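Listing of target_8.pdb; format and content: PDB, C-alpha atoms and all ligand atoms.
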```pdb
MODEL        1
ATOM      1  CA  MET A1129       0.000   0.000   0.000
ATOM      2  CA  MET A1130       1.232   3.465  -0.853
ATOM      3  CA  GLN A1131       2.283   5.704   1.994
ATOM      4  CA  LYS A1132       1.343   9.332   2.409
ATOM      5  CA  ASN A1133       3.705  11.371   0.285
ATOM      6  CA  ASN A1134       4.151  14.792  -1.191
ATOM      7  CA  LYS A1135       2.604  13.998  -4.563
ATOM      8  CA  SER A1136      -0.855  15.369  -5.159
ATOM      9  CA  ILE A1137      -2.191  13.285  -8.050
ATOM     10  CA  LEU A1138      -3.352   9.700  -7.930
ATOM     11  CA  TYR A1139      -3.774   8.274 -11.420
ATOM     12  CA  VAL A1140      -6.036   5.236 -11.711
ATOM     13  CA  THR A1141      -6.490   2.757 -14.536
ATOM     14  CA  SER A1142      -7.653  -0.824 -14.915
ATOM     15  CA  MET A1143      -6.852  -3.653 -17.282
ATOM     16  CA  ASN A1144      -6.996  -7.389 -17.557
ATOM     17  CA  ARG A1145      -4.255  -9.582 -18.998
ATOM     18  CA  LYS A1146      -5.525  -9.284 -22.587
ATOM     19  CA  LEU A1147      -5.696  -5.479 -22.399
ATOM     20  CA  PHE A1148      -2.247  -5.391 -20.803
ATOM     21  CA  ASP A1149      -0.832  -7.417 -23.700
ATOM     22  CA  VAL A1150      -2.277  -5.219 -26.457
ATOM     23  CA  THR A1151      -2.054  -1.679 -25.037
ATOM     24  CA  GLY A1152      -1.710  -1.679 -21.256
ATOM     25  CA  TYR A1153       2.017  -2.354 -21.143
ATOM     26  CA  LYS A1154       2.588   0.569 -23.528
ATOM     27  CA  PHE A1155       0.515   2.833 -21.319
ATOM     28  CA  ILE A1156       2.446   1.818 -18.196
ATOM     29  CA  ASN A1157       5.785   2.205 -19.967
ATOM     30  CA  SER A1158       4.771   5.668 -21.116
ATOM     31  CA  PHE A1159       3.687   6.625 -17.599
ATOM     32  CA  ILE A1160       7.126   5.666 -16.323
ATOM     33  CA  SER A1161       9.235   7.016 -19.183
ATOM     34  CA  SER A1162       7.365  10.334 -19.355
ATOM     35  CA  GLU A1163       8.069  10.832 -15.652
ATOM     36  CA  THR A1164       4.531  12.011 -15.194
ATOM     37  CA  GLU A1165       4.132  13.545 -11.769
ATOM     38  CA  GLY A1166       1.907  11.434  -9.560
ATOM     39  CA  ASP A1167       1.331   7.855  -8.540
ATOM     40  CA  LEU A1168      -0.529   5.152 -10.445
ATOM     41  CA  ILE A1169      -2.884   2.412  -9.329
ATOM     42  CA  VAL A1170      -3.550  -0.375 -11.825
ATOM     43  CA  ALA A1171      -6.705  -2.243 -10.872
ATOM     44  CA  SER A1172      -6.672  -5.797 -12.182
ATOM     45  CA  GLU A1173      -7.658  -9.318 -11.303
ATOM     46  CA  THR A1174      -4.480 -10.942 -12.514
ATOM     47  CA  LEU A1175      -1.572  -8.546 -13.011
ATOM     48  CA  ARG A1176      -0.107  -8.171  -9.542
ATOM     49  CA  ASP A1177       2.978 -10.245 -10.388
ATOM     50  CA  ILE A1178       3.748  -7.985 -13.327
ATOM     51  CA  ILE A1179       2.835  -4.586 -11.904
ATOM     52  CA  ASP A1180       4.223  -4.659  -8.397
ATOM     53  CA  PRO A1181       7.866  -5.207  -9.404
ATOM     54  CA  LEU A1182       7.628  -1.967 -11.409
ATOM     55  CA  ALA A1183       7.112   0.087  -8.266
ATOM     56  CA  GLU A1184       9.896   2.292  -7.023
ATOM     57  CA  ILE A1185      11.692   2.566 -10.331
ATOM     58  CA  THR A1186      14.360   5.152  -9.944
ATOM     59  CA  ASN A1187      15.404   7.144 -12.936
ATOM     60  CA  GLY A1188      16.423  10.352 -11.315
ATOM     61  CA  ARG A1189      12.926  10.216  -9.816
ATOM     62  CA  THR A1190      10.819   7.663  -8.098
ATOM     63  CA  VAL A1191       7.753   6.437  -9.889
ATOM     64  CA  LYS A1192       5.240   4.641  -7.766
ATOM     65  CA  ILE A1193       2.949   2.101  -9.301
ATOM     66  CA  SER A1194       0.873  -0.434  -7.464
ATOM     67  CA  CYS A1195      -1.629  -3.076  -8.432
ATOM     68  CA  TYR A1196      -5.010  -3.323  -6.771
ATOM     69  CA  ASN A1197      -6.362  -6.858  -6.886
ATOM     70  CA  LEU A1198     -10.004  -6.625  -7.989
ATOM     71  CA  GLN A1199     -10.635 -10.171  -6.778
ATOM     72  CA  GLU A1200     -10.418  -8.800  -3.235
ATOM     73  CA  ASP A1201     -12.924  -6.023  -3.902
ATOM     74  CA  LYS A1202     -16.264  -6.616  -2.158
ATOM     75  CA  PHE A1203     -18.112  -3.993  -4.211
ATOM     76  CA  TYR A1204     -16.966  -5.803  -7.370
ATOM     77  CA  THR A1205     -17.644  -9.372  -6.271
ATOM     78  CA  ASP A1206     -21.017  -8.469  -4.703
ATOM     79  CA  TRP A1207     -22.071  -6.607  -7.850
ATOM     80  CA  LEU A1208     -21.204  -9.578 -10.059
ATOM     81  CA  GLU A1209     -23.250 -11.876  -7.814
ATOM     82  CA  GLU A1210     -26.242  -9.542  -7.500
ATOM     83  CA  ASN A1211     -26.347  -8.773 -11.206
ATOM     84  CA  LYS A1212     -25.615 -12.138 -12.807
ATOM     85  CA  GLY A1213     -29.172 -12.090 -14.149
ATOM     86  CA  ILE A1214     -28.315  -9.187 -16.463
ATOM     87  CA  ILE A1215     -24.781 -10.285 -17.406
ATOM     88  CA  PRO A1216     -24.647 -12.365 -20.630
ATOM     89  CA  GLU A1217     -23.222 -15.861 -20.398
ATOM     90  CA  ARG A1218     -20.208 -14.902 -22.518
ATOM     91  CA  TYR A1219     -19.175 -12.502 -19.733
ATOM     92  CA  GLY A1220     -19.768 -15.034 -16.981
ATOM     93  CA  GLY A1221     -23.401 -14.290 -16.115
ATOM     94  CA  LEU A1222     -26.720 -16.031 -16.585
ATOM     95  CA  ALA A1223     -28.669 -13.487 -18.657
ATOM     96  CA  LYS A1224     -30.764 -14.643 -21.568
ATOM     97  CA  PRO A1225     -31.816 -12.522 -24.566
ATOM     98  CA  CYS A1226     -34.714 -10.136 -23.932
ATOM     99  CA  ASP A1227     -38.226 -10.396 -25.307
ATOM    100  CA  CYS A1228     -38.178  -6.959 -26.968
ATOM    101  CA  GLN A1229     -39.415  -7.217 -30.552
ATOM    102  CA  THR A1230     -36.043  -6.530 -32.137
ATOM    103  CA  SER A1231     -33.350  -8.588 -33.755
ATOM    104  CA  ASN A1232     -30.840  -5.764 -33.428
ATOM    105  CA  SER A1233     -28.762  -5.517 -30.281
ATOM    106  CA  TRP A1234     -28.456  -1.732 -30.713
ATOM    107  CA  GLU A1235     -31.976  -0.542 -31.438
ATOM    108  CA  ASN A1236     -35.605  -0.590 -30.356
ATOM    109  CA  HIS A1237     -35.184  -2.154 -26.950
ATOM    110  CA  LYS A1238     -37.392  -1.144 -24.061
ATOM    111  CA  ARG A1239     -35.878   1.523 -21.828
ATOM    112  CA  GLY A1240     -33.223  -0.011 -19.605
ATOM    113  CA  CYS A1241     -33.346  -3.416 -21.311
ATOM    114  CA  HIS A1242     -30.394  -5.581 -20.297
ATOM    115  CA  TRP A1243     -29.952  -6.808 -23.895
ATOM    116  CA  ASN A1244     -29.353  -3.368 -25.392
ATOM    117  CA  ASN A1245     -25.830  -3.579 -26.802
ATOM    118  CA  PHE A1246     -24.438  -1.032 -24.328
ATOM    119  CA  ASN A1247     -26.066  -2.799 -21.411
ATOM    120  CA  GLN A1248     -24.857  -6.255 -22.383
ATOM    121  CA  ARG A1249     -21.369  -4.887 -21.835
ATOM    122  CA  ALA A1250     -22.119  -3.088 -18.548
ATOM    123  CA  VAL A1251     -19.954  -5.592 -16.684
ATOM    124  CA  ASN A1252     -16.931  -4.590 -18.782
ATOM    125  CA  TRP A1253     -17.318  -0.950 -17.823
ATOM    126  CA  LEU A1254     -17.972  -1.703 -14.162
ATOM    127  CA  VAL A1255     -14.260  -1.871 -13.370
ATOM    128  CA  LYS A1256     -14.017   1.912 -13.718
ATOM    129  CA  PRO A1257     -16.408   2.818 -10.868
ATOM    130  CA  VAL A1258     -15.041  -0.101  -8.816
ATOM    131  CA  SER A1259     -11.442   1.088  -9.212
ATOM    132  CA  LEU A1260     -12.383   4.699  -8.514
ATOM    133  CA  ASN A1261     -14.351   3.607  -5.455
ATOM    134  CA  TYR A1262     -11.211   1.962  -4.094
ATOM    135  CA  ALA A1263      -9.166   5.106  -4.820
ATOM    136  CA  LEU A1264     -11.727   7.295  -3.093
ATOM    137  CA  GLN A1265     -12.081   5.076  -0.031
ATOM    138  CA  GLN A1266      -8.368   4.531   0.489
ATOM    139  CA  TYR A1267      -6.758   7.720  -0.722
ATOM    140  CA  SER A1268      -9.182  10.668  -0.713
ATOM    141  CA  LYS A1269      -7.356  12.122   2.278
ATOM    142  CA  VAL A1270      -3.889  11.431   0.823
ATOM    143  CA  TYR A1271      -4.223  12.856  -2.686
ATOM    144  CA  PRO A1272      -6.292  15.983  -3.457
ATOM    145  CA  TYR A1273      -6.744  14.849  -7.078
ATOM    146  CA  VAL A1274      -7.817  11.537  -8.603
ATOM    147  CA  VAL A1275      -7.416  11.223 -12.389
ATOM    148  CA  TRP A1276      -8.667   8.307 -14.454
ATOM    149  CA  LEU A1277      -6.785   7.220 -17.614
ATOM    150  CA  ASP A1278      -7.990   4.377 -19.851
ATOM    151  CA  CYS A1279      -5.294   1.811 -20.660
ATOM    152  CA  ASP A1280      -5.526   2.459 -24.414
ATOM    153  CA  ILE A1281      -3.715   5.746 -23.814
ATOM    154  CA  ILE A1282      -0.083   6.640 -24.439
ATOM    155  CA  LEU A1283       1.498   9.532 -22.568
ATOM    156  CA  LYS A1284       3.572  11.468 -25.099
ATOM    157  CA  GLN A1285       5.276  13.642 -22.520
ATOM    158  CA  ARG A1286       5.246  14.316 -18.808
ATOM    159  CA  ILE A1287       1.949  15.676 -17.484
ATOM    160  CA  PRO A1288       3.087  18.333 -15.008
ATOM    161  CA  GLU A1289       1.383  18.465 -11.649
ATOM    162  CA  LYS A1290       0.819  22.176 -12.236
ATOM    163  CA  PHE A1291      -1.208  21.443 -15.378
ATOM    164  CA  ILE A1292      -3.653  19.319 -13.379
ATOM    165  CA  HIS A1293      -3.662  21.802 -10.532
ATOM    166  CA  ASN A1294      -4.613  24.631 -12.918
ATOM    167  CA  ILE A1295      -7.553  22.695 -14.366
ATOM    168  CA  PHE A1296      -9.015  22.219 -10.904
ATOM    169  CA  LYS A1297      -8.706  25.877  -9.888
ATOM    170  CA  ASP A1298     -12.355  26.529 -10.633
ATOM    171  CA  CYS A1299     -13.969  23.095 -10.924
ATOM    172  CA  GLY A1300     -14.279  19.827  -9.035
ATOM    173  CA  CYS A1301     -14.321  17.552 -12.079
ATOM    174  CA  PHE A1302     -13.075  17.581 -15.661
ATOM    175  CA  TYR A1303     -14.044  15.397 -18.595
ATOM    176  CA  HIS A1304     -14.171  15.325 -22.408
ATOM    177  CA  LEU A1305     -17.454  15.818 -24.230
ATOM    178  CA  GLY A1306     -17.352  18.622 -26.807
ATOM    179  CA  PRO A1307     -20.182  20.240 -28.744
ATOM    180  CA  ASN A1308     -20.623  17.439 -31.290
ATOM    181  CA  ARG A1309     -21.162  14.743 -28.673
ATOM    182  CA  LYS A1310     -23.121  17.085 -26.453
ATOM    183  CA  SER A1311     -25.748  17.646 -29.128
ATOM    184  CA  ARG A1312     -26.435  13.910 -29.190
ATOM    185  CA  ASP A1313     -27.768  11.797 -26.361
ATOM    186  CA  THR A1314     -24.416  10.120 -25.995
ATOM    187  CA  GLY A1315     -22.057   9.674 -23.098
ATOM    188  CA  ILE A1316     -19.150  11.708 -21.874
ATOM    189  CA  GLU A1317     -15.792  10.458 -23.130
ATOM    190  CA  SER A1318     -14.666   9.177 -19.778
ATOM    191  CA  GLY A1319     -11.293   7.776 -20.875
ATOM    192  CA  VAL A1320      -9.606  10.843 -19.389
ATOM    193  CA  CYS A1321     -11.411  12.441 -16.460
ATOM    194  CA  GLY A1322     -10.539  13.743 -13.033
ATOM    195  CA  PHE A1323     -11.934  14.690  -9.667
ATOM    196  CA  SER A1324     -10.730  16.991  -6.930
ATOM    197  CA  GLN A1325     -11.209  17.077  -3.195
ATOM    198  CA  LYS A1326     -11.941  20.793  -3.516
ATOM    199  CA  ASN A1327     -14.983  22.139  -5.346
ATOM    200  CA  ARG A1328     -16.940  18.970  -4.420
ATOM    201  CA  GLY A1329     -15.330  16.823  -7.093
ATOM    202  CA  PHE A1330     -15.099  13.823  -4.780
ATOM    203  CA  ASP A1331     -18.810  14.277  -3.936
ATOM    204  CA  LEU A1332     -19.618  14.026  -7.639
ATOM    205  CA  LEU A1333     -17.424  10.927  -7.975
ATOM    206  CA  ARG A1334     -19.247   9.357  -5.020
ATOM    207  CA  LYS A1335     -22.604   9.999  -6.736
ATOM    208  CA  PHE A1336     -21.285   8.396  -9.948
ATOM    209  CA  ILE A1337     -20.117   5.300  -8.053
ATOM    210  CA  ASP A1338     -23.361   5.063  -6.111
ATOM    211  CA  VAL A1339     -25.426   4.832  -9.291
ATOM    212  CA  TYR A1340     -24.025   1.294  -9.671
ATOM    213  CA  ASN A1341     -25.240   0.333  -6.216
ATOM    214  CA  ASN A1342     -28.640  -1.134  -5.467
ATOM    215  CA  LYS A1343     -29.532  -1.352  -9.141
ATOM    216  CA  GLN A1344     -29.964   2.446  -9.380
ATOM    217  CA  PHE A1345     -28.563   2.254 -12.918
ATOM    218  CA  HIS A1346     -31.682   0.355 -14.002
ATOM    219  CA  ARG A1347     -33.481   3.706 -14.099
ATOM    220  CA  TYR A1348     -31.350   4.785 -17.054
ATOM    221  CA  SER A1349     -31.628   3.673 -20.661
ATOM    222  CA  ARG A1350     -27.893   2.977 -20.964
ATOM    223  CA  TRP A1351     -25.542   1.483 -18.382
ATOM    224  CA  ASP A1352     -22.151   2.324 -19.856
ATOM    225  CA  ASP A1353     -19.940   4.483 -17.655
ATOM    226  CA  GLY A1354     -19.763   7.441 -20.042
ATOM    227  CA  TYR A1355     -23.542   7.729 -20.311
ATOM    228  CA  LEU A1356     -24.147   7.394 -16.569
ATOM    229  CA  PHE A1357     -21.324   9.839 -15.865
ATOM    230  CA  ARG A1358     -22.999  12.412 -18.120
ATOM    231  CA  LYS A1359     -26.347  11.914 -16.345
ATOM    232  CA  ILE A1360     -24.692  12.441 -12.953
ATOM    233  CA  VAL A1361     -22.879  15.588 -14.143
ATOM    234  CA  GLU A1362     -26.075  17.013 -15.634
ATOM    235  CA  GLY A1363     -28.080  16.044 -12.575
ATOM    236  CA  ASN A1364     -25.757  17.955 -10.251
ATOM    237  CA  PRO A1365     -25.388  21.411 -11.811
ATOM    238  CA  ASP A1366     -24.408  22.892  -8.433
ATOM    239  CA  ILE A1367     -21.070  21.022  -8.594
ATOM    240  CA  PRO A1368     -18.699  22.929 -10.906
ATOM    241  CA  THR A1369     -17.389  20.757 -13.756
ATOM    242  CA  LYS A1370     -15.347  21.489 -16.863
ATOM    243  CA  ASP A1371     -15.581  20.098 -20.388
ATOM    244  CA  LEU A1372     -12.019  20.211 -21.742
ATOM    245  CA  VAL A1373     -13.043  19.941 -25.396
ATOM    246  CA  GLY A1374     -13.387  23.186 -27.294
ATOM    247  CA  PRO A1375     -15.336  23.801 -30.505
ATOM    248  CA  HIS A1376     -14.173  21.492 -33.287
ATOM    249  CA  ARG A1377     -15.359  21.240 -36.836
ATOM    250  CA  GLU A1378     -14.756  17.568 -37.293
ATOM    251  CA  GLN A1379     -18.058  15.729 -37.601
ATOM    252  CA  GLU A1380     -16.618  12.477 -36.376
ATOM    253  CA  PHE A1381     -17.332  12.741 -32.674
ATOM    254  CA  ALA A1382     -16.058   9.591 -30.995
ATOM    255  CA  HIS A1383     -12.468  10.731 -30.573
ATOM    256  CA  VAL A1384     -12.567  13.962 -28.646
ATOM    257  CA  VAL A1385      -9.466  13.878 -26.457
ATOM    258  CA  LYS A1386      -7.413  15.099 -29.414
ATOM    259  CA  HIS A1387      -9.592  18.237 -29.467
ATOM    260  CA  GLY A1388      -9.034  18.959 -25.778
ATOM    261  CA  ILE A1389      -6.269  20.499 -23.702
ATOM    262  CA  PHE A1390      -4.669  17.102 -22.952
ATOM    263  CA  ALA A1391      -3.855  16.648 -26.647
ATOM    264  CA  PRO A1392      -0.161  17.588 -26.262
ATOM    265  CA  TYR A1393       0.224  14.958 -23.560
ATOM    266  CA  ILE A1394      -2.017  12.090 -24.564
ATOM    267  CA  ASP A1395      -2.684   9.854 -27.552
ATOM    268  CA  HIS A1396      -5.956   8.015 -27.015
ATOM    269  CA  ASP A1397      -6.421   5.098 -29.374
ATOM    270  CA  LYS A1398     -10.046   4.821 -28.314
ATOM    271  CA  GLY A1399     -11.867   1.720 -29.407
ATOM    272  CA  SER A1400      -8.685  -0.061 -30.436
ATOM    273  CA  HIS A1401      -9.319  -2.907 -28.008
ATOM    274  CA  HIS A1402     -12.413  -3.768 -29.984
ATOM    275  CA  ARG A1403     -11.554  -2.440 -33.444
ATOM    276  CA  LYS A1404      -7.904  -3.337 -33.831
ATOM    277  CA  TYR A1405      -7.196  -6.075 -31.293
ATOM    278  CA  LYS A1406     -10.592  -7.810 -31.024
ATOM    279  CA  VAL A1407     -10.147  -8.471 -27.320
ATOM    280  CA  VAL A1408     -13.453  -7.025 -26.050
TER     281      VAL A1408
HETATM  282 ZN    ZN B   1     -34.598  -5.743 -25.156
ENDMDL
END
```
Here is the file; what I need is its structure written in the form of structure tokens.
Ligand SMILES: [Zn+2]
Amino acid sequence: MMQKNNKSILYVTSMNRKLFDVTGYKFINSFISSETEGDLIVASETLRDIIDPLAEITNGRTVKISCYNLQEDKFYTDWLEENKGIIPERYGGLAKPCDCQTSNSWENHKRGCHWNNFNQRAVNWLVKPVSLNYALQQYSKVYPYVVWLDCDIILKQRIPEKFIHNIFKDCGCFYHLGPNRKSRDTGIESGVCGFSQKNRGFDLLRKFIDVYNNKQFHRYSRWDDGYLFRKIVEGNPDIPTKDLVGPHREQEFAHVVKHGIFAPYIDHDKGSHHRKYKVV
């Protein structure tokens, strides 16, 4: 377990062995080689033997990385047990196809149907709130900032602590959405997002995590993390948040990090796990 230190940013990611093999190892290498200021938790069920030896690498600086074993996480294991009725068999659950009159897994399902294509994959996205819940419970008094990075990211250069600090000057949470996504009923791009102790950012993160508890998410049409995150942000307008994506002409709206202020620091090969590597 990490000790209290003088760093202010806790970065959090998650990956399984397949994701580690295709992109995760590159992300971790880039976190180390860029000498990004902060510590990193990698939440995983199987990677402890690989991740933990990387801790305390000294290269003029100390980089701290630790693995959090998801198999020990009660929120995670309880959720899987309580929700096996909505998790498809191919992801380890017991769910059967719905009785909506549709042959398409994307369209025309009843609101909140478990067989909607987004909702079939809810269990894959669950690791994000689970990992962030662990970070919040264990470290909210140690680090004033918690920043999530998906493991299909490469850090191109060091993210300075001051850069993160400046973003949080007048908000409690940052994310990527942009005008093109905003105009559609689609989710926030939650591959790069952050929360601060100040400005009630950790309160907002708590609300996002809680939506996964007690089947609260059933009230929403989609159960992917980006969609639920957007609903929580929009439902709490009193908590100051910041969309880091400025106006952009490009019609293609899935890849928005490159239009935001993290663009000099981050390459986000979003969707590559599915599109390029066929692992999810
Ligand atoms: Zn359905």
Practice prompt. Name every residue that the PyMOL selection byres (((chain A and resi 1314) around 12) and not hetatm) selects in this structure, writing the answer as an MDAnalysis selection string with chains first and numbers rising.
Written response: chainID A and resid 1246 1305:1313 1315:1318 1349:1359 1381:1382
For the interface of chain A with ligand ZN 1 (chain B) (cut-off 10 Å, counting all atoms listed in the file), please tabulate each contacting residue of chain A alongside its nearest pair of atoms and their separation in Å to one decimal, rows sorted by chain and increasing number, as a tab-separated table.
```
residue	atom	partner	partner_atom	distance
A:Pro1225	CA	B:ZN1	ZN	7.4
A:Cys1226	CA	B:ZN1	ZN	4.6
A:Asp1227	CA	B:ZN1	ZN	5.9
A:Cys1228	CA	B:ZN1	ZN	4.2
A:Gln1229	CA	B:ZN1	ZN	7.4
A:Thr1230	CA	B:ZN1	ZN	7.2
A:Ser1231	CA	B:ZN1	ZN	9.1
A:Asn1232	CA	B:ZN1	ZN	9.1
A:Ser1233	CA	B:ZN1	ZN	7.8
A:Trp1234	CA	B:ZN1	ZN	9.2
A:Glu1235	CA	B:ZN1	ZN	8.6
A:Asn1236	CA	B:ZN1	ZN	7.4
A:His1237	CA	B:ZN1	ZN	4.1
A:Lys1238	CA	B:ZN1	ZN	5.5
A:Arg1239	CA	B:ZN1	ZN	8.1
A:Gly1240	CA	B:ZN1	ZN	8.1
A:Cys1241	CA	B:ZN1	ZN	4.7
A:His1242	CA	B:ZN1	ZN	6.4
A:Trp1243	CA	B:ZN1	ZN	4.9
A:Asn1244	CA	B:ZN1	ZN	5.8
A:Asn1245	CA	B:ZN1	ZN	9.2
A:Asn1247	CA	B:ZN1	ZN	9.8
```
Filtering to C-alpha atoms, could you give me those residues as a compact mmCIF listing (two decimals), in the frame of the given file?
```txt
# COMPACT_ATOMS: atom_id res chain seq x y z
CA PRO A 1225 -31.82 -12.52 -24.57
CA CYS A 1226 -34.71 -10.14 -23.93
CA ASP A 1227 -38.23 -10.40 -25.31
CA CYS A 1228 -38.18 -6.96 -26.97
CA GLN A 1229 -39.42 -7.22 -30.55
CA THR A 1230 -36.04 -6.53 -32.14
CA SER A 1231 -33.35 -8.59 -33.76
CA ASN A 1232 -30.84 -5.76 -33.43
CA SER A 1233 -28.76 -5.52 -30.28
CA TRP A 1234 -28.46 -1.73 -30.71
CA GLU A 1235 -31.98 -0.54 -31.44
CA ASN A 1236 -35.60 -0.59 -30.36
CA HIS A 1237 -35.18 -2.15 -26.95
CA LYS A 1238 -37.39 -1.14 -24.06
CA ARG A 1239 -35.88 1.52 -21.83
CA GLY A 1240 -33.22 -0.01 -19.60
CA CYS A 1241 -33.35 -3.42 -21.31
CA HIS A 1242 -30.39 -5.58 -20.30
CA TRP A 1243 -29.95 -6.81 -23.90
CA ASN A 1244 -29.35 -3.37 -25.39
CA ASN A 1245 -25.83 -3.58 -26.80
CA ASN A 1247 -26.07 -2.80 -21.41
```
Worksheet item: Which residues fall under the PyMOL selection byres (((chain A and resi 1221) around 12) and not hetatm) in this file, as a ChimeraX atom specification?
Response: /A:1207-1220,1222-1224,1242,1248-1252
I'd like the contact shell of Gln1199 of chain A - 9 Å cut-off, only C-alpha atoms, skipping same-chain residues fewer than 4 positions apart - returned as an mmCIF file with C-alpha atoms, keeping the file's coordinate frame.
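And here is the file that came out, around-v4.cif:
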```
data_model
loop_
_atom_site.group_PDB
_atom_site.id
_atom_site.type_symbol
_atom_site.label_atom_id
_atom_site.label_comp_id
_atom_site.auth_asym_id
_atom_site.auth_seq_id
_atom_site.Cartn_x
_atom_site.Cartn_y
_atom_site.Cartn_z
ATOM 1 C CA SER A 1172 -6.672 -5.797 -12.182
ATOM 2 C CA GLU A 1173 -7.658 -9.318 -11.303
ATOM 3 C CA THR A 1174 -4.480 -10.942 -12.514
ATOM 4 C CA TYR A 1204 -16.966 -5.803 -7.370
ATOM 5 C CA THR A 1205 -17.644 -9.372 -6.271
#
```
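Across the model, the gap from atom CA of Asp1395 of chain A to atom CA of Asp1149 of chain A is 17.8 Å.
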Worksheet item: Could you spell out the hits of the PyMOL selection byres (((chain A and resi 1135) around 10) and not hetatm) on the shown file, as a PyMOL selection string?
Response: chain A and resi 1132-1134+1136-1138+1165-1167+1270-1273+1289
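Computed from the coordinates, the atom CA of Thr1164 of chain A to atom CA of Phe1336 of chain A distance equals 26.6 Å.
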Would you output segment 1276-1296 of chain A from that structure, restricted to C-alpha atoms, as a JSON list (two decimals), in the first residue's frame?
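Output file out04.json follows:
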```
[["chain", "number", "residue", "atom", "x", "y", "z"],
["A", 1276, "TRP", "CA", -8.67, 8.31, -14.45],
["A", 1277, "LEU", "CA", -6.79, 7.22, -17.61],
["A", 1278, "ASP", "CA", -7.99, 4.38, -19.85],
["A", 1279, "CYS", "CA", -5.29, 1.81, -20.66],
["A", 1280, "ASP", "CA", -5.53, 2.46, -24.41],
["A", 1281, "ILE", "CA", -3.71, 5.75, -23.81],
["A", 1282, "ILE", "CA", -0.08, 6.64, -24.44],
["A", 1283, "LEU", "CA", 1.50, 9.53, -22.57],
["A", 1284, "LYS", "CA", 3.57, 11.47, -25.10],
["A", 1285, "GLN", "CA", 5.28, 13.64, -22.52],
["A", 1286, "ARG", "CA", 5.25, 14.32, -18.81],
["A", 1287, "ILE", "CA", 1.95, 15.68, -17.48],
["A", 1288, "PRO", "CA", 3.09, 18.33, -15.01],
["A", 1289, "GLU", "CA", 1.38, 18.46, -11.65],
["A", 1290, "LYS", "CA", 0.82, 22.18, -12.24],
["A", 1291, "PHE", "CA", -1.21, 21.44, -15.38],
["A", 1292, "ILE", "CA", -3.65, 19.32, -13.38],
["A", 1293, "HIS", "CA", -3.66, 21.80, -10.53],
["A", 1294, "ASN", "CA", -4.61, 24.63, -12.92],
["A", 1295, "ILE", "CA", -7.55, 22.70, -14.37],
["A", 1296, "PHE", "CA", -9.01, 22.22, -10.90]]
```
